[in-house]
$ cat query_0.pdb   # PDB, C-alpha atoms, pLDDT in the B column
MODEL        1
ATOM      1  CA  MET J 105      12.941 -29.109 -17.433  1.00 94.00           C
ATOM      2  CA  THR J 106      14.967 -32.299 -17.823  1.00 95.00           C
ATOM      3  CA  SER J 107      17.329 -31.128 -15.078  1.00 96.00           C
ATOM      4  CA  LYS J 108      14.368 -30.652 -12.720  1.00 96.00           C
ATOM      5  CA  TRP J 109      13.269 -34.210 -13.503  1.00 97.00           C
ATOM      6  CA  VAL J 110      16.799 -35.536 -12.879  1.00 97.00           C
ATOM      7  CA  ARG J 111      16.909 -33.788  -9.492  1.00 96.00           C
ATOM      8  CA  THR J 112      13.553 -35.330  -8.574  1.00 96.00           C
ATOM      9  CA  VAL J 113      14.864 -38.811  -9.359  1.00 96.00           C
ATOM     10  CA  GLN J 114      18.137 -38.046  -7.586  1.00 95.00           C
ATOM     11  CA  ARG J 115      16.223 -37.322  -4.363  1.00 93.00           C
ATOM     12  CA  ARG J 116      14.156 -40.493  -4.653  1.00 94.00           C
ATOM     13  CA  ARG J 117      16.941 -42.842  -5.698  1.00 92.00           C
ATOM     14  CA  ARG J 118      19.987 -41.224  -4.089  1.00 87.00           C
ATOM     15  CA  TYR J 119      21.816 -41.106  -7.397  1.00 89.00           C
ATOM     16  CA  GLY J 120      25.153 -39.396  -7.753  1.00 93.00           C
ATOM     17  CA  VAL J 121      24.946 -36.772 -10.508  1.00 95.00           C
ATOM     18  CA  GLU J 122      27.828 -34.800 -12.000  1.00 96.00           C
ATOM     19  CA  TRP J 123      26.692 -31.751 -13.969  1.00 97.00           C
ATOM     20  CA  ARG J 124      28.859 -31.089 -17.012  1.00 97.00           C
ATOM     21  CA  PHE J 125      28.895 -28.653 -19.908  1.00 97.00           C
ATOM     22  CA  VAL J 126      27.502 -28.566 -23.453  1.00 96.00           C
ATOM     23  CA  SER J 127      27.400 -25.236 -25.300  1.00 96.00           C
ATOM     24  CA  LEU J 128      24.898 -24.765 -28.111  1.00 93.00           C
ATOM     25  CA  ARG J 129      26.747 -21.573 -29.051  1.00 94.00           C
ATOM     26  CA  LEU J 130      29.955 -23.522 -29.642  1.00 94.00           C
ATOM     27  CA  LEU J 131      28.074 -26.301 -31.434  1.00 91.00           C
ATOM     28  CA  ASN J 132      26.645 -23.677 -33.804  1.00 89.00           C
ATOM     29  CA  ALA J 133      29.822 -21.651 -34.204  1.00 88.00           C
ATOM     30  CA  HIS J 134      29.756 -22.274 -37.969  1.00 89.00           C
ATOM     31  CA  VAL J 135      26.077 -21.343 -38.391  1.00 88.00           C
ATOM     32  CA  ASP J 136      24.704 -18.038 -39.699  1.00 90.00           C
ATOM     33  CA  TYR J 137      22.183 -17.334 -36.939  1.00 89.00           C
ATOM     34  CA  GLU J 138      20.298 -14.668 -38.872  1.00 86.00           C
ATOM     35  CA  ALA J 139      19.673 -17.075 -41.745  1.00 86.00           C
ATOM     36  CA  HIS J 140      18.959 -20.216 -39.750  1.00 84.00           C
ATOM     37  CA  PHE J 141      17.314 -19.256 -36.443  1.00 85.00           C
ATOM     38  CA  PRO J 142      14.498 -17.011 -35.228  1.00 83.00           C
ATOM     39  CA  ALA J 143      15.400 -13.580 -33.852  1.00 85.00           C
ATOM     40  CA  GLY J 144      17.055 -13.674 -30.444  1.00 85.00           C
ATOM     41  CA  TYR J 145      18.546 -17.152 -30.662  1.00 86.00           C
ATOM     42  CA  GLU J 146      22.159 -16.037 -30.955  1.00 91.00           C
ATOM     43  CA  ALA J 147      21.813 -13.801 -27.899  1.00 90.00           C
ATOM     44  CA  GLY J 148      20.298 -16.662 -25.924  1.00 90.00           C
ATOM     45  CA  HIS J 149      23.007 -19.134 -26.898  1.00 93.00           C
ATOM     46  CA  THR J 150      25.734 -16.568 -26.168  1.00 94.00           C
ATOM     47  CA  ALA J 151      24.259 -15.915 -22.733  1.00 95.00           C
ATOM     48  CA  GLY J 152      24.309 -19.661 -22.139  1.00 95.00           C
ATOM     49  CA  LEU J 153      27.997 -19.844 -23.027  1.00 97.00           C
ATOM     50  CA  ARG J 154      28.801 -16.981 -20.657  1.00 97.00           C
ATOM     51  CA  LEU J 155      27.019 -18.755 -17.815  1.00 98.00           C
ATOM     52  CA  LEU J 156      28.905 -21.958 -18.603  1.00 98.00           C
ATOM     53  CA  ARG J 157      32.142 -20.005 -18.187  1.00 98.00           C
ATOM     54  CA  LEU J 158      30.943 -19.092 -14.730  1.00 98.00           C
ATOM     55  CA  ALA J 159      30.090 -22.715 -13.945  1.00 98.00           C
ATOM     56  CA  ALA J 160      33.521 -23.829 -15.154  1.00 98.00           C
ATOM     57  CA  ARG J 161      35.264 -21.373 -12.823  1.00 98.00           C
ATOM     58  CA  VAL J 162      33.017 -22.359  -9.930  1.00 98.00           C
ATOM     59  CA  ARG J 163      33.939 -26.004 -10.486  1.00 98.00           C
ATOM     60  CA  GLU J 164      37.627 -25.119 -10.688  1.00 98.00           C
ATOM     61  CA  GLU J 165      37.603 -23.193  -7.415  1.00 98.00           C
ATOM     62  CA  HIS J 166      34.902 -24.966  -5.406  1.00 98.00           C
ATOM     63  CA  GLY J 167      34.715 -28.477  -6.850  1.00 98.00           C
ATOM     64  CA  PRO J 168      32.133 -30.341  -8.967  1.00 97.00           C
ATOM     65  CA  GLU J 169      29.680 -30.491  -6.071  1.00 97.00           C
ATOM     66  CA  ALA J 170      29.195 -26.709  -6.358  1.00 98.00           C
ATOM     67  CA  VAL J 171      27.989 -26.849  -9.968  1.00 98.00           C
ATOM     68  CA  GLY J 172      24.611 -28.485  -9.321  1.00 97.00           C
ATOM     69  CA  PRO J 173      23.329 -25.883  -6.830  1.00 98.00           C
ATOM     70  CA  LEU J 174      24.537 -23.048  -9.085  1.00 98.00           C
ATOM     71  CA  TYR J 175      22.842 -24.579 -12.122  1.00 97.00           C
ATOM     72  CA  GLU J 176      19.606 -25.047 -10.185  1.00 98.00           C
ATOM     73  CA  ALA J 177      19.688 -21.428  -8.994  1.00 98.00           C
ATOM     74  CA  LEU J 178      20.332 -20.156 -12.518  1.00 97.00           C
ATOM     75  CA  GLY J 179      17.462 -22.265 -13.857  1.00 95.00           C
ATOM     76  CA  GLU J 180      15.041 -20.890 -11.312  1.00 95.00           C
ATOM     77  CA  LEU J 181      16.069 -17.293 -12.005  1.00 95.00           C
ATOM     78  CA  LEU J 182      15.949 -17.700 -15.778  1.00 93.00           C
ATOM     79  CA  TYR J 183      12.800 -19.774 -16.178  1.00 92.00           C
ATOM     80  CA  GLU J 184      10.693 -19.786 -13.018  1.00 91.00           C
ATOM     81  CA  ARG J 185       9.801 -16.103 -13.053  1.00 84.00           C
ATOM     82  CA  THR J 186       8.284 -13.919 -15.717  1.00 77.00           C
ATOM     83  CA  GLU J 187       9.991 -10.616 -14.834  1.00 74.00           C
ATOM     84  CA  GLN J 188      13.668 -10.430 -15.752  1.00 69.00           C
ATOM     85  CA  PRO J 189      16.269  -7.740 -14.933  1.00 68.00           C
ATOM     86  CA  GLY J 190      17.506  -5.782 -17.957  1.00 67.00           C
ATOM     87  CA  GLU J 191      18.379  -7.237 -21.339  1.00 70.00           C
ATOM     88  CA  GLY J 192      21.319  -8.909 -23.050  1.00 74.00           C
ATOM     89  CA  ALA J 193      24.657  -8.913 -21.236  1.00 82.00           C
ATOM     90  CA  SER J 194      23.344  -6.806 -18.342  1.00 90.00           C
ATOM     91  CA  ARG J 195      20.537  -9.292 -17.730  1.00 91.00           C
ATOM     92  CA  THR J 196      22.983 -12.214 -17.757  1.00 94.00           C
ATOM     93  CA  ARG J 197      25.261 -10.431 -15.315  1.00 95.00           C
ATOM     94  CA  ALA J 198      22.384  -9.580 -12.966  1.00 94.00           C
ATOM     95  CA  ILE J 199      21.126 -13.168 -12.961  1.00 95.00           C
ATOM     96  CA  ALA J 200      24.640 -14.552 -12.432  1.00 97.00           C
ATOM     97  CA  ALA J 201      25.210 -12.209  -9.486  1.00 97.00           C
ATOM     98  CA  GLU J 202      21.891 -13.197  -7.909  1.00 97.00           C
ATOM     99  CA  ALA J 203      22.590 -16.911  -8.402  1.00 98.00           C
ATOM    100  CA  LEU J 204      26.031 -16.603  -6.786  1.00 98.00           C
ATOM    101  CA  ALA J 205      24.482 -14.877  -3.791  1.00 98.00           C
ATOM    102  CA  THR J 206      21.763 -17.533  -3.560  1.00 98.00           C
ATOM    103  CA  VAL J 207      24.256 -20.393  -3.288  1.00 98.00           C
ATOM    104  CA  GLY J 208      26.770 -18.478  -1.167  1.00 98.00           C
ATOM    105  CA  LEU J 209      29.595 -18.193  -3.695  1.00 98.00           C
ATOM    106  CA  PRO J 210      31.893 -15.137  -3.988  1.00 98.00           C
ATOM    107  CA  ALA J 211      30.398 -12.193  -5.878  1.00 98.00           C
ATOM    108  CA  ARG J 212      33.731 -11.596  -7.656  1.00 98.00           C
ATOM    109  CA  LEU J 213      33.093 -14.701  -9.764  1.00 98.00           C
ATOM    110  CA  VAL J 214      30.634 -12.723 -11.897  1.00 98.00           C
ATOM    111  CA  THR J 215      33.627 -11.354 -13.842  1.00 97.00           C
ATOM    112  CA  THR J 216      34.151 -14.876 -15.184  1.00 98.00           C
ATOM    113  CA  LEU J 217      31.279 -14.304 -17.619  1.00 98.00           C
ATOM    114  CA  ASP J 218      33.699 -12.371 -19.823  1.00 97.00           C
ATOM    115  CA  ASP J 219      36.625 -14.813 -19.587  1.00 98.00           C
ATOM    116  CA  ALA J 220      36.743 -16.321 -23.085  1.00 97.00           C
ATOM    117  CA  GLU J 221      39.727 -18.476 -22.103  1.00 98.00           C
ATOM    118  CA  LEU J 222      37.271 -20.745 -20.286  1.00 98.00           C
ATOM    119  CA  ASP J 223      35.613 -21.533 -23.625  1.00 98.00           C
ATOM    120  CA  GLU J 224      38.306 -24.166 -24.093  1.00 98.00           C
ATOM    121  CA  VAL J 225      37.048 -26.012 -21.015  1.00 98.00           C
ATOM    122  CA  VAL J 226      33.466 -25.824 -22.244  1.00 98.00           C
ATOM    123  CA  ARG J 227      34.475 -26.809 -25.778  1.00 97.00           C
ATOM    124  CA  ALA J 228      36.401 -29.852 -24.538  1.00 98.00           C
ATOM    125  CA  GLU J 229      33.383 -31.121 -22.608  1.00 97.00           C
ATOM    126  CA  THR J 230      31.068 -30.365 -25.517  1.00 97.00           C
ATOM    127  CA  ASP J 231      33.354 -32.391 -27.808  1.00 96.00           C
ATOM    128  CA  GLU J 232      33.507 -35.193 -25.257  1.00 96.00           C
ATOM    129  CA  ALA J 233      29.716 -35.356 -25.082  1.00 96.00           C
ATOM    130  CA  LEU J 234      29.478 -35.617 -28.870  1.00 95.00           C
ATOM    131  CA  THR J 235      31.946 -38.493 -28.932  1.00 96.00           C
ATOM    132  CA  LEU J 236      29.450 -40.370 -26.741  1.00 95.00           C
ATOM    133  CA  THR J 237      26.281 -39.577 -28.724  1.00 95.00           C
ATOM    134  CA  GLY J 238      27.333 -38.604 -32.249  1.00 94.00           C
ATOM    135  CA  LYS J 239      27.205 -35.082 -33.635  1.00 91.00           C
ATOM    136  CA  ASP J 240      23.572 -34.615 -34.691  1.00 89.00           C
ATOM    137  CA  VAL J 241      22.243 -33.894 -31.203  1.00 89.00           C
ATOM    138  CA  GLY J 242      21.483 -30.970 -28.924  1.00 88.00           C
ATOM    139  CA  THR J 243      20.770 -30.711 -25.229  1.00 92.00           C
ATOM    140  CA  PRO J 244      20.137 -32.300 -22.814  1.00 95.00           C
ATOM    141  CA  ILE J 245      22.556 -35.226 -22.909  1.00 96.00           C
ATOM    142  CA  LEU J 246      22.422 -37.870 -20.187  1.00 97.00           C
ATOM    143  CA  HIS J 247      25.331 -40.248 -19.643  1.00 97.00           C
ATOM    144  CA  PHE J 248      24.222 -43.271 -17.631  1.00 94.00           C
ATOM    145  CA  ALA J 249      26.715 -45.140 -15.417  1.00 92.00           C
ATOM    146  CA  PRO J 250      29.811 -43.399 -16.827  1.00 93.00           C
ATOM    147  CA  PRO J 251      32.398 -43.944 -18.101  1.00 92.00           C
ATOM    148  CA  GLU J 252      31.303 -47.168 -19.822  1.00 92.00           C
ATOM    149  CA  GLY J 253      27.544 -46.539 -19.885  1.00 93.00           C
ATOM    150  CA  THR J 254      25.464 -45.236 -22.775  1.00 95.00           C
ATOM    151  CA  ALA J 255      24.886 -41.530 -23.382  1.00 96.00           C
ATOM    152  CA  LEU J 256      21.680 -40.284 -25.024  1.00 95.00           C
ATOM    153  CA  PHE J 257      20.327 -36.985 -26.272  1.00 94.00           C
ATOM    154  CA  GLY J 258      17.171 -36.434 -24.259  1.00 93.00           C
ATOM    155  CA  PRO J 259      14.662 -37.135 -23.067  1.00 93.00           C
ATOM    156  CA  VAL J 260      13.276 -33.734 -24.032  1.00 93.00           C
ATOM    157  CA  ILE J 261      10.274 -33.167 -21.768  1.00 94.00           C
ATOM    158  CA  SER J 262       7.927 -30.197 -21.509  1.00 94.00           C
ATOM    159  CA  ARG J 263       6.299 -30.988 -18.152  1.00 94.00           C
ATOM    160  CA  LEU J 264       7.720 -32.021 -14.794  1.00 94.00           C
ATOM    161  CA  PRO J 265       6.313 -35.430 -13.828  1.00 95.00           C
ATOM    162  CA  ALA J 266       4.942 -36.110 -10.362  1.00 94.00           C
ATOM    163  CA  GLU J 267       7.545 -37.843  -8.196  1.00 92.00           C
ATOM    164  CA  GLU J 268       6.293 -41.403  -8.738  1.00 93.00           C
ATOM    165  CA  ASP J 269       5.911 -40.800 -12.468  1.00 97.00           C
ATOM    166  CA  ALA J 270       9.381 -39.254 -12.560  1.00 97.00           C
ATOM    167  CA  VAL J 271      10.933 -42.436 -11.216  1.00 97.00           C
ATOM    168  CA  ARG J 272       8.968 -44.634 -13.635  1.00 97.00           C
ATOM    169  CA  LEU J 273      10.035 -42.459 -16.568  1.00 97.00           C
ATOM    170  CA  TRP J 274      13.635 -42.687 -15.408  1.00 97.00           C
ATOM    171  CA  ASP J 275      13.476 -46.475 -15.224  1.00 97.00           C
ATOM    172  CA  HIS J 276      12.117 -46.657 -18.777  1.00 97.00           C
ATOM    173  CA  VAL J 277      14.874 -44.417 -20.106  1.00 96.00           C
ATOM    174  CA  VAL J 278      17.552 -46.405 -18.266  1.00 96.00           C
ATOM    175  CA  ALA J 279      16.126 -49.595 -19.794  1.00 96.00           C
ATOM    176  CA  LEU J 280      16.421 -48.112 -23.285  1.00 95.00           C
ATOM    177  CA  ALA J 281      19.970 -46.966 -22.577  1.00 94.00           C
ATOM    178  CA  GLY J 282      20.833 -50.464 -21.375  1.00 94.00           C
ATOM    179  CA  PHE J 283      19.985 -52.086 -24.713  1.00 94.00           C
ATOM    180  CA  PRO J 284      23.091 -51.858 -26.958  1.00 91.00           C
ATOM    181  CA  GLY J 285      21.028 -51.731 -30.149  1.00 93.00           C
ATOM    182  CA  PHE J 286      18.889 -48.738 -29.157  1.00 93.00           C
ATOM    183  CA  ALA J 287      19.489 -45.577 -31.186  1.00 90.00           C
ATOM    184  CA  GLU J 288      16.483 -43.262 -31.317  1.00 90.00           C
ATOM    185  CA  LEU J 289      12.896 -42.454 -30.415  1.00 90.00           C
ATOM    186  CA  LYS J 290      11.653 -39.138 -31.754  1.00 87.00           C
ATOM    187  CA  ARG J 291       8.777 -36.817 -32.526  1.00 86.00           C
ATOM    188  CA  SER J 292       9.255 -33.251 -33.710  1.00 87.00           C
ATOM    189  CA  LEU J 293       6.000 -31.935 -32.176  1.00 91.00           C
ATOM    190  CA  ARG J 294       6.792 -30.363 -28.802  1.00 88.00           C
ATOM    191  CA  GLU J 295       4.855 -28.443 -26.201  1.00 92.00           C
ATOM    192  CA  ARG J 296       6.291 -25.207 -24.936  1.00 91.00           C
ATOM    193  CA  PRO J 297       7.869 -26.031 -21.557  1.00 92.00           C
ATOM    194  CA  GLN J 298       5.679 -25.767 -18.497  1.00 92.00           C
ATOM    195  CA  LEU J 299       7.658 -22.795 -17.159  1.00 91.00           C
ATOM    196  CA  PRO J 300       6.546 -19.237 -16.355  1.00 90.00           C
ATOM    197  CA  SER J 301       9.178 -17.733 -18.660  1.00 89.00           C
ATOM    198  CA  PHE J 302       7.404 -19.442 -21.574  1.00 88.00           C
ATOM    199  CA  GLY J 303       4.012 -18.221 -20.400  1.00 89.00           C
ATOM    200  CA  VAL J 304       2.987 -21.704 -19.245  1.00 91.00           C
ATOM    201  CA  ARG J 305       2.073 -22.092 -15.588  1.00 86.00           C
ATOM    202  CA  PRO J 306       1.823 -25.281 -13.480  1.00 85.00           C
ATOM    203  CA  GLY J 307      -1.227 -27.252 -14.530  1.00 86.00           C
ATOM    204  CA  GLU J 308      -1.315 -25.652 -17.982  1.00 91.00           C
ATOM    205  CA  VAL J 309      -0.208 -27.271 -21.240  1.00 92.00           C
ATOM    206  CA  GLY J 310       2.006 -25.295 -23.579  1.00 93.00           C
ATOM    207  CA  LEU J 311       1.269 -24.656 -27.237  1.00 92.00           C
ATOM    208  CA  GLU J 312       2.433 -27.551 -29.412  1.00 92.00           C
ATOM    209  CA  GLU J 313       4.999 -26.626 -32.061  1.00 88.00           C
ATOM    210  CA  ASP J 314       6.880 -28.528 -34.767  1.00 88.00           C
ATOM    211  CA  TRP J 315      10.606 -28.278 -34.140  1.00 80.00           C
ATOM    212  CA  HIS J 316      11.799 -29.024 -37.701  1.00 65.00           C
ATOM    213  CA  ALA J 317      13.918 -32.132 -37.122  1.00 48.00           C
ATOM    214  CA  GLY J 318      14.599 -31.289 -33.506  1.00 49.00           C
ATOM    215  CA  SER J 319      15.569 -27.618 -33.574  1.00 56.00           C
ATOM    216  CA  HIS J 320      14.146 -24.156 -34.072  1.00 59.00           C
ATOM    217  CA  ARG J 321      16.248 -23.624 -37.182  1.00 58.00           C
ATOM    218  CA  LEU J 322      14.316 -21.914 -39.925  1.00 55.00           C
ATOM    219  CA  LYS J 323      16.148 -23.909 -42.567  1.00 52.00           C
ATOM    220  CA  ARG J 324      18.858 -26.549 -42.584  1.00 49.00           C
TER     221      ARG J 324
ENDMDL
END
$ encode --input "query_0.pdb" --output "structure tokens"
Amino acid sequence: MTSKWVRTVQRRRRYGVEWRFVSLRLLNAHVDYEAHFPAGYEAGHTAGLRLLRLAARVREEHGPEAVGPLYEALGELLYERTEQPGEGASRTRAIAAEALATVGLPARLVTTLDDAELDEVVRAETDEALTLTGKDVGTPILHFAPPEGTALFGPVISRLPAEEDAVRLWDHVVALAGFPGFAELKRSLRERPQLPSFGVRPGEVGLEEDWHAGSHRLKR
């Protein structure tokens, strides 16, 4: 949802945006998923890592400008429709293949999902992001005016603002990032995202849930 907001602002303000990688699966490599997360979380985070491998290879072969369209296509296929092909690894592969076709990239790149050597690329960028924000964060992370500018975890949003509201929200967040003493604004109550995959359609408001200090961990 935050990426959709960023793209809205990018159109209105003509910002340059470079899409980079943070893996929740690598961040939680030391965590016992069965003990700490609801059922299905490990599979979801692993699927995310596999898709980041694909994005890393796409960037390597086709440049950073190819990552944004691929990420947008993956987001639409994963979250903007309620019916999904298959389950687990087969579902991830089917979605990756469809996304590659949508953006006109070679179908052979789907094999990159299984290339664990690319985890080092993803891990390096994950580590780099955490050097900018500190370690007790998740996704999304926005880095304003890099390399010197401030990076923040968030904003986490559940609804896509209208275009004028999107720009105003952006300006407020940039103002916070521009103050050197700013560290955190937070509430743990969150709506389910306004996305069909979460059962929330445009114009509806998702069920509000308490995210236990910012995550769906069952215990810390």
$ resolve_selection --input "query_0.pdb" --expression "the PyMOL selection byres ((chain J and resi 280-290) around 8)" --output "VMD selection string"
chain J and resid 248 253 to 256 276 to 279 291 to 292
$ resolve_selection --input "query_0.pdb" --expression "the PyMOL selection byres ((chain J and resi 267-271) around 10)" --output "ChimeraX atom specification"
/J:108-117,264-266,272-277
$ write_last_selection --input "query_0.pdb" --atoms "C-alpha atoms" --output "mmCIF file, in the frame of the given file"
data_model
loop_
_atom_site.group_PDB
_atom_site.id
_atom_site.type_symbol
_atom_site.label_atom_id
_atom_site.label_comp_id
_atom_site.auth_asym_id
_atom_site.auth_seq_id
_atom_site.Cartn_x
_atom_site.Cartn_y
_atom_site.Cartn_z
ATOM 1 C CA LYS J 108 14.368 -30.652 -12.720
ATOM 2 C CA TRP J 109 13.269 -34.210 -13.503
ATOM 3 C CA VAL J 110 16.799 -35.536 -12.879
ATOM 4 C CA ARG J 111 16.909 -33.788 -9.492
ATOM 5 C CA THR J 112 13.553 -35.330 -8.574
ATOM 6 C CA VAL J 113 14.864 -38.811 -9.359
ATOM 7 C CA GLN J 114 18.137 -38.046 -7.586
ATOM 8 C CA ARG J 115 16.223 -37.322 -4.363
ATOM 9 C CA ARG J 116 14.156 -40.493 -4.653
ATOM 10 C CA ARG J 117 16.941 -42.842 -5.698
ATOM 11 C CA LEU J 264 7.720 -32.021 -14.794
ATOM 12 C CA PRO J 265 6.313 -35.430 -13.828
ATOM 13 C CA ALA J 266 4.942 -36.110 -10.362
ATOM 14 C CA ARG J 272 8.968 -44.634 -13.635
ATOM 15 C CA LEU J 273 10.035 -42.459 -16.568
ATOM 16 C CA TRP J 274 13.635 -42.687 -15.408
ATOM 17 C CA ASP J 275 13.476 -46.475 -15.224
ATOM 18 C CA HIS J 276 12.117 -46.657 -18.777
ATOM 19 C CA VAL J 277 14.874 -44.417 -20.106
#
$ resolve_selection --input "query_0.pdb" --expression "the PyMOL selection byres ((chain J and resi 151) around 9)" --output "ChimeraX atom specification"
/J:129,146-150,152-156,192-193,196,217
$ write_last_selection --input "query_0.pdb" --atoms "C-alpha atoms" --output "PDB file, keeping the file's coordinate frame"
ATOM      1  CA  ARG J 129      26.747 -21.573 -29.051  1.00 94.00           C
ATOM      2  CA  GLU J 146      22.159 -16.037 -30.955  1.00 91.00           C
ATOM      3  CA  ALA J 147      21.813 -13.801 -27.899  1.00 90.00           C
ATOM      4  CA  GLY J 148      20.298 -16.662 -25.924  1.00 90.00           C
ATOM      5  CA  HIS J 149      23.007 -19.134 -26.898  1.00 93.00           C
ATOM      6  CA  THR J 150      25.734 -16.568 -26.168  1.00 94.00           C
ATOM      7  CA  GLY J 152      24.309 -19.661 -22.139  1.00 95.00           C
ATOM      8  CA  LEU J 153      27.997 -19.844 -23.027  1.00 97.00           C
ATOM      9  CA  ARG J 154      28.801 -16.981 -20.657  1.00 97.00           C
ATOM     10  CA  LEU J 155      27.019 -18.755 -17.815  1.00 98.00           C
ATOM     11  CA  LEU J 156      28.905 -21.958 -18.603  1.00 98.00           C
ATOM     12  CA  GLY J 192      21.319  -8.909 -23.050  1.00 74.00           C
ATOM     13  CA  ALA J 193      24.657  -8.913 -21.236  1.00 82.00           C
ATOM     14  CA  THR J 196      22.983 -12.214 -17.757  1.00 94.00           C
ATOM     15  CA  LEU J 217      31.279 -14.304 -17.619  1.00 98.00           C
TER      16      LEU J 217
END
$ atom_distance --input "query_0.pdb" --atom1 "atom CA of J:Pro168" --atom2 "atom CA of J:Glu122"
6.9 Å
$ closest_residue --input "query_0.pdb" --among "J:Ala200, J:Val241, J:Val304, J:Leu293" --to "J:Arg157" --atoms "all atoms listed in the file"
J:Ala200
$ closest_residue --input "query_0.pdb" --among "J:Ile245, J:Leu234, J:Leu311, J:Ala201" --to "J:Pro297" --atoms "only C-alpha atoms"
J:Leu311
$ atom_distance --input "query_0.pdb" --atom1 "atom CA of J:Thr230" --atom2 "atom CA of J:Ala249"
18.4 Å
$ closest_residue --input "query_0.pdb" --among "J:Val135, J:Arg161, J:Gly303, J:Phe257" --to "J:Thr216" --atoms "all atoms listed in the file"
J:Arg161
$ axis_aligned_box --input "query_0.pdb" --around "stretch 230-238 of chain J" --padding-each-side "6 Å" --output "JSON"
{"center_x": 29.9, "center_y": -35.4, "center_z": -28.7, "size_x": 19.2, "size_y": 22.0, "size_z": 19.2}
$ residues_around --input "query_0.pdb" --residues "J:Glu165" --least-positions-apart "4" --cutoff "12 Å" --atoms "all atoms listed in the file" --output "MDAnalysis selection string"
chainID J and resid 158:161 169:171 209:210 213 216
$ atom_distance --input "query_0.pdb" --atom1 "atom CA of J:Leu236" --atom2 "atom CA of J:Leu131"
14.9 Å
$ closest_residue --input "query_0.pdb" --among "J:Glu164, J:Asp219, J:Glu184, J:Asp136" --to "J:Pro306" --atoms "only C-alpha atoms"
J:Glu184
$ residues_around --input "query_0.pdb" --residues "J:Ile261" --least-positions-apart "2" --cutoff "10 Å" --atoms "all atoms listed in the file" --output "ChimeraX atom specification"
/J:105-107,109,244,258-259,263-265,294-298
$ closest_residue --input "query_0.pdb" --among "J:Glu252, J:Gly242, J:Asp314, J:Thr235" --to "J:Asn132" --atoms "all atoms listed in the file"
J:Gly242
$ closest_residue --input "query_0.pdb" --among "J:Glu229, J:Asp240, J:Glu180, J:Glu312" --to "J:Ala203" --atoms "all atoms listed in the file"
J:Glu180
$ residues_around --input "query_0.pdb" --residues "J:Thr186" --least-positions-apart "4" --cutoff "10 Å" --atoms "all atoms listed in the file" --output "list in words"
Leu181, Leu182, Leu299, Pro300, Ser301, Phe302 and Gly303 of chain J
